[in-house]
Amino acid sequence: MGLLRVMMPPKLQLLALLAFAVAMFFLENQIQKLEESRGKLERAMARHEVRELEQRQSQDWGVREQSWVQSDSDEDLVIVYNRVPKTASTSFTNIAYDLCGKNHYHVLHINTSKNNPVMSIQDQTRFVRNVTEWREMKPAFYHGHVSFIDFTKFGVKRKPIYINVIRDPIERLVSYYYFLRFGDDYRPGLRRRKQGDKKTFDECVSAGGSDCAPEKLWLQIPFFCGHYSECWNVGSPWALEQAKATLVNEYLLVGVTEELEDFVMMLEAALPRFFRGATDLYRTGKKSHLRKTTEKKAPTKESVAKLQQSAIWKMENDFYEFALEQFQFVRAHAVREKDGELYLLAQNYFYEKIYPKNRDKK
């Protein structure tokens with residue numbers, strides 16, 4: 001008996017293929033929906049497990065001051081703020097002083113001889129040792145007019161957190177010019193080095209004076225460049241590139257004087273151990289931390305244009321614009337503005353697929 005072969009007409013074969021394709025598409029769609037449902041379930045379970053873990057940690061460690069929990073690593077934190085002169089550094093530092101008692105940390109001022117921003121190799125070694133080993137002072141906030149020190153060169157295992165603020169280079173120089181002559185409202189009775197000199201900044205520029213020369217702009221670059229000899233060679237392209245690399249690789253955050261409130265807000269979000277309450281203090285406090293240079297007069301457009309012709313200004317401004325762009329990039333991913341007010345963005349990540357599962361559950 002021969003084999004019975006049933007041959008389907010071509011139209012039926014096509015219909016069968018279409019039906020099979022539709023069936024496969026339907027199945028794949030259902031599988032995708034099941035995968036999405038499983039993913040949502042896993043994320044919900046992960047959030048639940050994280051909440052349970054946080055609750056257990058709060059119970060085990062105790063809740064300090066309105067449920068804010070400190071970890072051992074928080075107690076070992078050290079911040080170094082190597083302040084650039086006349087960038088609102090005193091105003092910002094006073095916020096740290098106002099909060100240190102409430103937030104339980106130490107503030108230490110690095111006072112160098114004659115305000116020299118370059119430390120000797122032996123002083124660098126002592127300072128690095130102090131910062132890393134002085135446990136009685138931790139957590140600590142160090143501040144002073146000192147150029148960047150690379151802690152890795154000294155073999156330390158844990159580096160401090162560097163922060164800083166910079167300013168438009170010409171505005172910074174103008175502020176410093178008048179500060180040397182008239183001081184500020186922070187310590188009005190203190191006699192300044194150039195006190196008695198009534199010459200305005202514009203008159204200084206017109207006369208080609210040394211206190212307003214383009215070379216005086218060269219400060220923010222070397223402060224970030226650090227303790228290399230080339231950093232202090234005025235107009236060095238290498239120093240500019242080194243300063244940029246240090247800013248992005250070694251600093252947690254570098255703000256700008258013109259947007260100091262945003263800087264304070266982001267520090268509070270990133271480092272609440274030190275800056276919890278800083279934003280409210282800045283916005284609604286008595287403003288005791290604010291400091292203003294006395295008798296300061298804005299320069300004319302002619303004076304500004306003359307300074308902007310120099311290669312030194314172009315390099316310092318390049319660095320300022322680079323820092324500003326980086327700061328605005330960080331801010332764009334951290335805060336939003338609504339009705340003229342700044343708000344921090346909520347946490348935008350979570351954990352999922354946590355394995356192995358908690359075996360204590362039944």
# chains A, B, ... in the order shown; residues from 1 in each chain; ligands from 1
>>> select_by_dssp(residues="region 181-362 of chain A", states="strand (DSSP E)", output="ChimeraX atom specification")
/A:251-256,335-338,341-344
>>> residues_around(residues="Asp76 (chain A)", least_positions_apart="3", cutoff="6 Å", atoms="only C-alpha atoms", output="JSON, numbers by chain")
{"A": [73, 138, 139]}
>>> write_last_selection(atoms="N, CA, C and O atoms", output="short mmCIF file (atom, residue, chain, number, x, y, z; two decimals), in the first residue's frame")
data_model
loop_
_atom_site.label_atom_id
_atom_site.label_comp_id
_atom_site.auth_asym_id
_atom_site.auth_seq_id
_atom_site.Cartn_x
_atom_site.Cartn_y
_atom_site.Cartn_z
N SER A 73 31.22 55.78 57.98
CA SER A 73 31.96 56.51 56.95
C SER A 73 31.69 58.01 57.04
O SER A 73 32.57 58.82 56.73
N LYS A 138 37.79 64.66 63.33
CA LYS A 138 36.85 64.18 62.31
C LYS A 138 35.44 64.05 62.88
O LYS A 138 35.28 63.71 64.04
N PRO A 139 34.45 64.30 62.03
CA PRO A 139 34.51 64.82 60.66
C PRO A 139 34.96 66.27 60.66
O PRO A 139 34.67 67.02 61.58
#
>>> closest_residue(among="A:Glu241, A:Asp339, A:Asp197, A:Asp262", to="Gly226 (chain A)", atoms="only C-alpha atoms")
A:Glu241
>>> residues_around(residues="Val131 (chain A)", least_positions_apart="6", cutoff="12 Å", atoms="only C-alpha atoms", output="list in words")
Asp76, Leu77, Val78, Ile79, Val80, His106, Val107, Leu108, Ile110, Gln124, Thr125, Met137, Lys138, Pro139, Ala140, Phe141, Tyr142, His143, Ile149, Phe151, Phe154, Val156, Arg158, Lys159, Pro160 and Ile161 of chain A
>>> select_by_dssp(residues="region 139-334 of chain A", states="helix (DSSP H, G or I)", output="NGL selection string")
:A and (151-154 or 169-182 or 201-207 or 210-212 or 214-217 or 220-225 or 229-232 or 237-250 or 257-270 or 272-275 or 278-284 or 301-308 or 311-332)
>>> residues_around(residues="Thr246 (chain A)", least_positions_apart="4", cutoff="7 Å", atoms="only C-alpha atoms", output="PyMOL selection string")
chain A and resi 224-225+242+250
>>> atom_distance(atom1="CA of Asp202 (chain A)", atom2="CA of Glu321 (chain A)")
24.5 Å
>>> residues_around(residues="Leu342 (chain A)", least_positions_apart="5", cutoff="12 Å", atoms="only C-alpha atoms", output="PDB file with N, CA and C atoms, in the first residue's frame")
ATOM      1  N   GLU A 259      26.263  82.165  41.393  1.00  0.00           N
ATOM      2  CA  GLU A 259      25.157  81.230  41.639  1.00  0.00           C
ATOM      3  C   GLU A 259      25.434  80.449  42.926  1.00  0.00           C
ATOM      4  N   GLU A 261      23.817  80.243  45.796  1.00  0.00           N
ATOM      5  CA  GLU A 261      22.707  79.516  46.421  1.00  0.00           C
ATOM      6  C   GLU A 261      22.554  78.120  45.825  1.00  0.00           C
ATOM      7  N   ASP A 262      22.695  78.017  44.518  1.00  0.00           N
ATOM      8  CA  ASP A 262      22.602  76.706  43.868  1.00  0.00           C
ATOM      9  C   ASP A 262      23.710  75.780  44.377  1.00  0.00           C
ATOM     10  N   PHE A 263      24.901  76.349  44.541  1.00  0.00           N
ATOM     11  CA  PHE A 263      26.048  75.591  45.057  1.00  0.00           C
ATOM     12  C   PHE A 263      25.754  75.066  46.457  1.00  0.00           C
ATOM     13  N   VAL A 264      25.214  75.919  47.307  1.00  0.00           N
ATOM     14  CA  VAL A 264      24.888  75.523  48.685  1.00  0.00           C
ATOM     15  C   VAL A 264      23.824  74.425  48.688  1.00  0.00           C
ATOM     16  N   MET A 265      22.811  74.564  47.850  1.00  0.00           N
ATOM     17  CA  MET A 265      21.743  73.575  47.795  1.00  0.00           C
ATOM     18  C   MET A 265      22.256  72.203  47.376  1.00  0.00           C
ATOM     19  N   MET A 266      23.123  72.174  46.373  1.00  0.00           N
ATOM     20  CA  MET A 266      23.635  70.889  45.896  1.00  0.00           C
ATOM     21  C   MET A 266      24.583  70.248  46.907  1.00  0.00           C
ATOM     22  N   THR A 279      20.789  75.433  53.099  1.00  0.00           N
ATOM     23  CA  THR A 279      19.963  76.188  52.152  1.00  0.00           C
ATOM     24  C   THR A 279      19.013  77.122  52.879  1.00  0.00           C
ATOM     25  N   ASP A 280      18.352  76.613  53.922  1.00  0.00           N
ATOM     26  CA  ASP A 280      17.453  77.470  54.701  1.00  0.00           C
ATOM     27  C   ASP A 280      18.222  78.596  55.373  1.00  0.00           C
ATOM     28  N   ARG A 283      18.933  81.182  52.753  1.00  0.00           N
ATOM     29  CA  ARG A 283      17.750  81.891  52.258  1.00  0.00           C
ATOM     30  C   ARG A 283      17.071  82.752  53.312  1.00  0.00           C
ATOM     31  N   ARG A 331      24.207  70.900  37.907  1.00  0.00           N
ATOM     32  CA  ARG A 331      22.962  71.486  38.420  1.00  0.00           C
ATOM     33  C   ARG A 331      21.752  71.024  37.617  1.00  0.00           C
ATOM     34  N   ALA A 332      21.882  70.945  36.301  1.00  0.00           N
ATOM     35  CA  ALA A 332      20.758  70.540  35.455  1.00  0.00           C
ATOM     36  C   ALA A 332      20.265  69.141  35.797  1.00  0.00           C
ATOM     37  N   ALA A 334      20.426  67.941  38.891  1.00  0.00           N
ATOM     38  CA  ALA A 334      20.190  67.878  40.334  1.00  0.00           C
ATOM     39  C   ALA A 334      18.996  68.704  40.797  1.00  0.00           C
ATOM     40  N   VAL A 335      18.717  69.824  40.127  1.00  0.00           N
ATOM     41  CA  VAL A 335      17.649  70.710  40.601  1.00  0.00           C
ATOM     42  C   VAL A 335      16.753  71.137  39.439  1.00  0.00           C
ATOM     43  N   ARG A 336      15.578  71.613  39.805  1.00  0.00           N
ATOM     44  CA  ARG A 336      14.645  72.208  38.855  1.00  0.00           C
ATOM     45  C   ARG A 336      14.133  73.517  39.430  1.00  0.00           C
ATOM     46  N   GLU A 337      13.763  74.437  38.555  1.00  0.00           N
ATOM     47  CA  GLU A 337      13.228  75.720  38.988  1.00  0.00           C
ATOM     48  C   GLU A 337      11.740  75.777  38.705  1.00  0.00           C
TER      49      GLU A 337
END
>>> closest_residue(among="A:Asn111, A:Gln326, A:Ser37, A:Ser120", to="Tyr251 (chain A)", atoms="only C-alpha atoms")
A:Gln326
>>> closest_residue(among="A:Asn317, A:Gln220, A:Asn103, A:Ser236", to="Glu268 (chain A)", atoms="only C-alpha atoms")
A:Asn103
>>> atom_distance(atom1="CA of Ala96 (chain A)", atom2="CA of His145 (chain A)")
16.0 Å
